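Q: Dumping the structure here so I can ask a few things about it.
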2 protein chains.
Amino acid sequence: MDIAFEKGGGLVPAIIQDHRTGDVLMLGFMNAPALAETQRTGEVVFFSRSRNKLWKKGETSGHLLKVKELRVDCDADALLLRVEPLGPGVCHEGYRSCFFRKIGADGAASVAETRTFEPEKVYRQERKP
Amino acid sequence: MDIAFEKGGGLVPAIIQDHRTGDVLMLGFMNAPALAETQRTGEVVFFSRSRNKLWKKGETSGHLLKVKELRVDCDADALLLRVEPLGPGVCHEGYRSCFFRKIGADGAASVAETRTFEPEKVYRQERKP
């Protein structure tokens with residue numbers, strides 16, 4: 001199936017969902033080589049917009065994302081990857097999910113999850129770009 | 001909390017998740033006015049990239065998305081909206097979720113869900129842009 005990479009200037013958003021809990025863990029972007037590498041290795045590879053290169057999620061921390069199922073939406077311009085996350089969390093701030101803050105009715109953000117690891121002990125170089 | 005709209009040229013991806021089942025239903029984009037309108041009304045409003053205007057999801061079909069919780073990711077450049085979907089589905093092709101196709105190891109897509117409604121009976125003008 002052809003993915004509509006051209007719609008987003010060569011990139012499509014890729015939603016990462018825990019295949020067991022259903023929790024949405026993060027969102028990254030993929031270009032065609034990132035998707036191909038994800039499919040080849042069975043582990044999530046994004047394209048980093050800030051570093052302008054492929055970025056294997058967990059390459060430093062060891063918190064790789066093993067792909068269990070790859071889905072595409074009706075217009076083929078967004079991807080959903082159901083994964084088994086290795087390690088205690090995907091967020092560089094030490095949470096299981098990057099979506100650990102909620103925004104209330106007043107517009108203020110508050111932390112809605114508890115930390116699952118200490119990022120300073122896990123990361124040396126890797127940061128979510 | 002300030003959302004990093006400028007990172008994506010004024011738009012951030014917004015993931016729509018069923019708050020009861022955890023299923024990811026669709027992905028749209030929001031600009032600042034779309035998010036403000038979503039917050040004001042409690043119903044999901046996207047920015048349509050193809051129509052270049054605000055787009056209230058369900059405005060034609062009546063299948064509105066009632067916002068139950070709004071989350072933001074660590075870098076404030078992606079949104080997660082946990083919603084109560086009104087109606088049998090969000091996809092203009094007649095499925096509960098736009099992510100109704102999976103891509104197999106051979107790269108071929110196959111339908112992985114069953115239709116929940118007949119789109120030709122529901123839609124007159126609205127199409128996912």
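Residue names in the structure tokens use chain letters A, B, ... in the order shown, residue numbers from 1 in each chain, and ligand numbers from 1 in the order shown.
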Could you list the residues in chain A lying within 6 Å of chain B, using only C-alpha atoms, and format the result as a PyMOL selection string?
A: chain A and resi 1+22+70-74+98-99+101-103+108-109
Q: If you keep all heavy atoms, can you produce a file of those selected residues as an mmCIF file, in the first residue's frame?
A:
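And here's selection-v5.cif as it stands now:
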data_model
loop_
_atom_site.group_PDB
_atom_site.id
_atom_site.type_symbol
_atom_site.label_atom_id
_atom_site.label_comp_id
_atom_site.auth_asym_id
_atom_site.auth_seq_id
_atom_site.Cartn_x
_atom_site.Cartn_y
_atom_site.Cartn_z
ATOM 1 N N MET A 1 0.834 -1.203 0.000
ATOM 2 C CA MET A 1 0.000 0.000 0.000
ATOM 3 C C MET A 1 0.870 1.255 0.000
ATOM 4 O O MET A 1 1.855 1.332 0.733
ATOM 5 C CB MET A 1 -0.886 -0.004 1.244
ATOM 6 C CG MET A 1 -1.803 1.193 1.328
ATOM 7 S SD MET A 1 -3.044 0.971 2.614
ATOM 8 C CE MET A 1 -4.067 2.407 2.286
ATOM 9 N N GLY A 22 -3.441 -0.406 25.505
ATOM 10 C CA GLY A 22 -4.159 0.538 24.666
ATOM 11 C C GLY A 22 -3.730 1.983 24.888
ATOM 12 O O GLY A 22 -4.200 2.888 24.195
ATOM 13 N N LEU A 70 0.959 -2.933 12.494
ATOM 14 C CA LEU A 70 1.058 -1.651 11.789
ATOM 15 C C LEU A 70 -0.268 -1.389 11.098
ATOM 16 O O LEU A 70 -0.761 -2.224 10.341
ATOM 17 C CB LEU A 70 2.186 -1.710 10.757
ATOM 18 C CG LEU A 70 2.333 -0.546 9.783
ATOM 19 C CD1 LEU A 70 2.594 0.767 10.509
ATOM 20 C CD2 LEU A 70 3.448 -0.823 8.782
ATOM 21 N N ARG A 71 -0.840 -0.216 11.391
ATOM 22 C CA ARG A 71 -2.101 0.149 10.742
ATOM 23 C C ARG A 71 -1.961 1.481 10.004
ATOM 24 O O ARG A 71 -1.090 2.286 10.339
ATOM 25 C CB ARG A 71 -3.230 0.249 11.770
ATOM 26 C CG ARG A 71 -3.563 -1.117 12.374
ATOM 27 C CD ARG A 71 -4.962 -1.141 12.911
ATOM 28 N NE ARG A 71 -5.341 -2.467 13.345
ATOM 29 C CZ ARG A 71 -6.598 -2.896 13.393
ATOM 30 N NH1 ARG A 71 -7.590 -2.088 13.057
ATOM 31 N NH2 ARG A 71 -6.879 -4.120 13.799
ATOM 32 N N VAL A 72 -2.819 1.658 9.035
ATOM 33 C CA VAL A 72 -2.806 2.890 8.240
ATOM 34 C C VAL A 72 -4.231 3.411 8.177
ATOM 35 O O VAL A 72 -5.189 2.643 8.204
ATOM 36 C CB VAL A 72 -2.234 2.600 6.834
ATOM 37 C CG1 VAL A 72 -3.073 1.562 6.101
ATOM 38 C CG2 VAL A 72 -2.099 3.868 6.013
ATOM 39 N N ASP A 73 -4.379 4.722 8.109
ATOM 40 C CA ASP A 73 -5.746 5.251 8.113
ATOM 41 C C ASP A 73 -6.336 5.318 6.703
ATOM 42 O O ASP A 73 -5.670 5.002 5.711
ATOM 43 C CB ASP A 73 -5.822 6.587 8.870
ATOM 44 C CG ASP A 73 -5.323 7.764 8.056
ATOM 45 O OD1 ASP A 73 -4.657 7.545 7.014
ATOM 46 O OD2 ASP A 73 -5.580 8.912 8.457
ATOM 47 N N CYS A 74 -7.591 5.721 6.635
ATOM 48 C CA CYS A 74 -8.347 5.662 5.382
ATOM 49 C C CYS A 74 -7.690 6.438 4.254
ATOM 50 O O CYS A 74 -7.748 6.016 3.100
ATOM 51 C CB CYS A 74 -9.770 6.174 5.624
ATOM 52 S SG CYS A 74 -9.829 7.713 6.588
ATOM 53 N N CYS A 98 4.523 9.869 26.765
ATOM 54 C CA CYS A 98 4.815 11.303 26.629
ATOM 55 C C CYS A 98 3.592 12.163 26.941
ATOM 56 O O CYS A 98 3.723 13.356 27.222
ATOM 57 C CB CYS A 98 5.295 11.600 25.211
ATOM 58 S SG CYS A 98 6.929 10.901 24.844
ATOM 59 N N PHE A 99 2.405 11.564 26.897
ATOM 60 C CA PHE A 99 1.176 12.322 27.175
ATOM 61 C C PHE A 99 0.836 12.241 28.662
ATOM 62 O O PHE A 99 -0.228 11.757 29.045
ATOM 63 C CB PHE A 99 0.033 11.791 26.315
ATOM 64 C CG PHE A 99 0.228 12.034 24.847
ATOM 65 C CD1 PHE A 99 0.754 11.053 24.026
ATOM 66 C CD2 PHE A 99 -0.088 13.260 24.286
ATOM 67 C CE1 PHE A 99 0.949 11.281 22.664
ATOM 68 C CE2 PHE A 99 0.103 13.500 22.922
ATOM 69 C CZ PHE A 99 0.624 12.505 22.113
ATOM 70 N N ARG A 101 0.692 14.817 30.765
ATOM 71 C CA ARG A 101 0.040 16.023 31.269
ATOM 72 C C ARG A 101 -1.335 16.204 30.661
ATOM 73 O O ARG A 101 -1.528 16.015 29.466
ATOM 74 C CB ARG A 101 0.881 17.267 30.951
ATOM 75 C CG ARG A 101 1.946 17.545 31.992
ATOM 76 C CD ARG A 101 2.750 18.748 31.607
ATOM 77 N NE ARG A 101 3.404 18.514 30.319
ATOM 78 C CZ ARG A 101 4.494 19.151 29.907
ATOM 79 N NH1 ARG A 101 5.045 20.064 30.676
ATOM 80 N NH2 ARG A 101 5.028 18.889 28.731
ATOM 81 N N LYS A 102 -2.280 16.602 31.483
ATOM 82 C CA LYS A 102 -3.591 16.948 30.955
ATOM 83 C C LYS A 102 -3.820 18.443 31.089
ATOM 84 O O LYS A 102 -3.223 19.099 31.949
ATOM 85 C CB LYS A 102 -4.700 16.142 31.620
ATOM 86 C CG LYS A 102 -4.857 16.329 33.099
ATOM 87 C CD LYS A 102 -6.019 15.451 33.593
ATOM 88 C CE LYS A 102 -6.131 15.511 35.108
ATOM 89 N NZ LYS A 102 -7.151 14.581 35.619
ATOM 90 N N ILE A 103 -4.657 18.940 30.221
ATOM 91 C CA ILE A 103 -4.989 20.362 30.231
ATOM 92 C C ILE A 103 -6.409 20.502 30.756
ATOM 93 O O ILE A 103 -7.341 19.892 30.206
ATOM 94 C CB ILE A 103 -4.862 20.968 28.820
ATOM 95 C CG1 ILE A 103 -3.409 20.830 28.336
ATOM 96 C CG2 ILE A 103 -5.318 22.420 28.802
ATOM 97 C CD1 ILE A 103 -3.160 21.384 26.955
ATOM 98 N N ALA A 108 -4.880 25.255 32.086
ATOM 99 C CA ALA A 108 -3.624 24.953 32.775
ATOM 100 C C ALA A 108 -3.298 23.465 32.680
ATOM 101 O O ALA A 108 -4.193 22.620 32.750
ATOM 102 C CB ALA A 108 -3.724 25.368 34.238
ATOM 103 N N ALA A 109 -2.018 23.160 32.511
ATOM 104 C CA ALA A 109 -1.579 21.774 32.415
ATOM 105 C C ALA A 109 -1.204 21.249 33.791
ATOM 106 O O ALA A 109 -0.661 21.981 34.620
ATOM 107 C CB ALA A 109 -0.394 21.661 31.472
#
Q: Extract, using only C-alpha atoms, all DNA, RNA and protein residues at most 12 Å from segment 55-66 of chain A, discarding same-chain residues fewer than 3 positions from it, and format them as a VMD selection string.
A: chain A and resid 16 to 19 25 to 31 33 to 35 37 to 52 69 to 70 81 to 92 94 96 117 to 129
Q: How many Å separate atom CA of Gly10 of chain B from atom CA of Leu54 of chain B?
A: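 So the answer is 13.1 Å.
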Q: Lay chain A over chain B with a least-squares fit on all the C-alpha atoms, paired in sequence, and tell me the RMSD.
A: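 C-alpha RMSD after optimal superposition stands at 0.0 Å.
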Q: Using DSSP secondary structure from the backbone, list all strand (DSSP E or B) positions within chain A, as a ChimeraX atom specification.
A: /A:12-18,24-30,43,45-48,53-56,65-72,79-85,101-103,109-111
Q: Please report, as a list of chain:residue names, each residue of chain B to which DSSP assigns alpha helix (DSSP H) when run on this structure's backbone.
A: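 These are the residues in question: B:Ala32, B:Pro33, B:Ala34, B:Leu35, B:Ala36, B:Glu37, B:Thr38, B:Gln39, B:Arg40, B:Thr41, B:Pro119, B:Glu120, B:Lys121, B:Val122.
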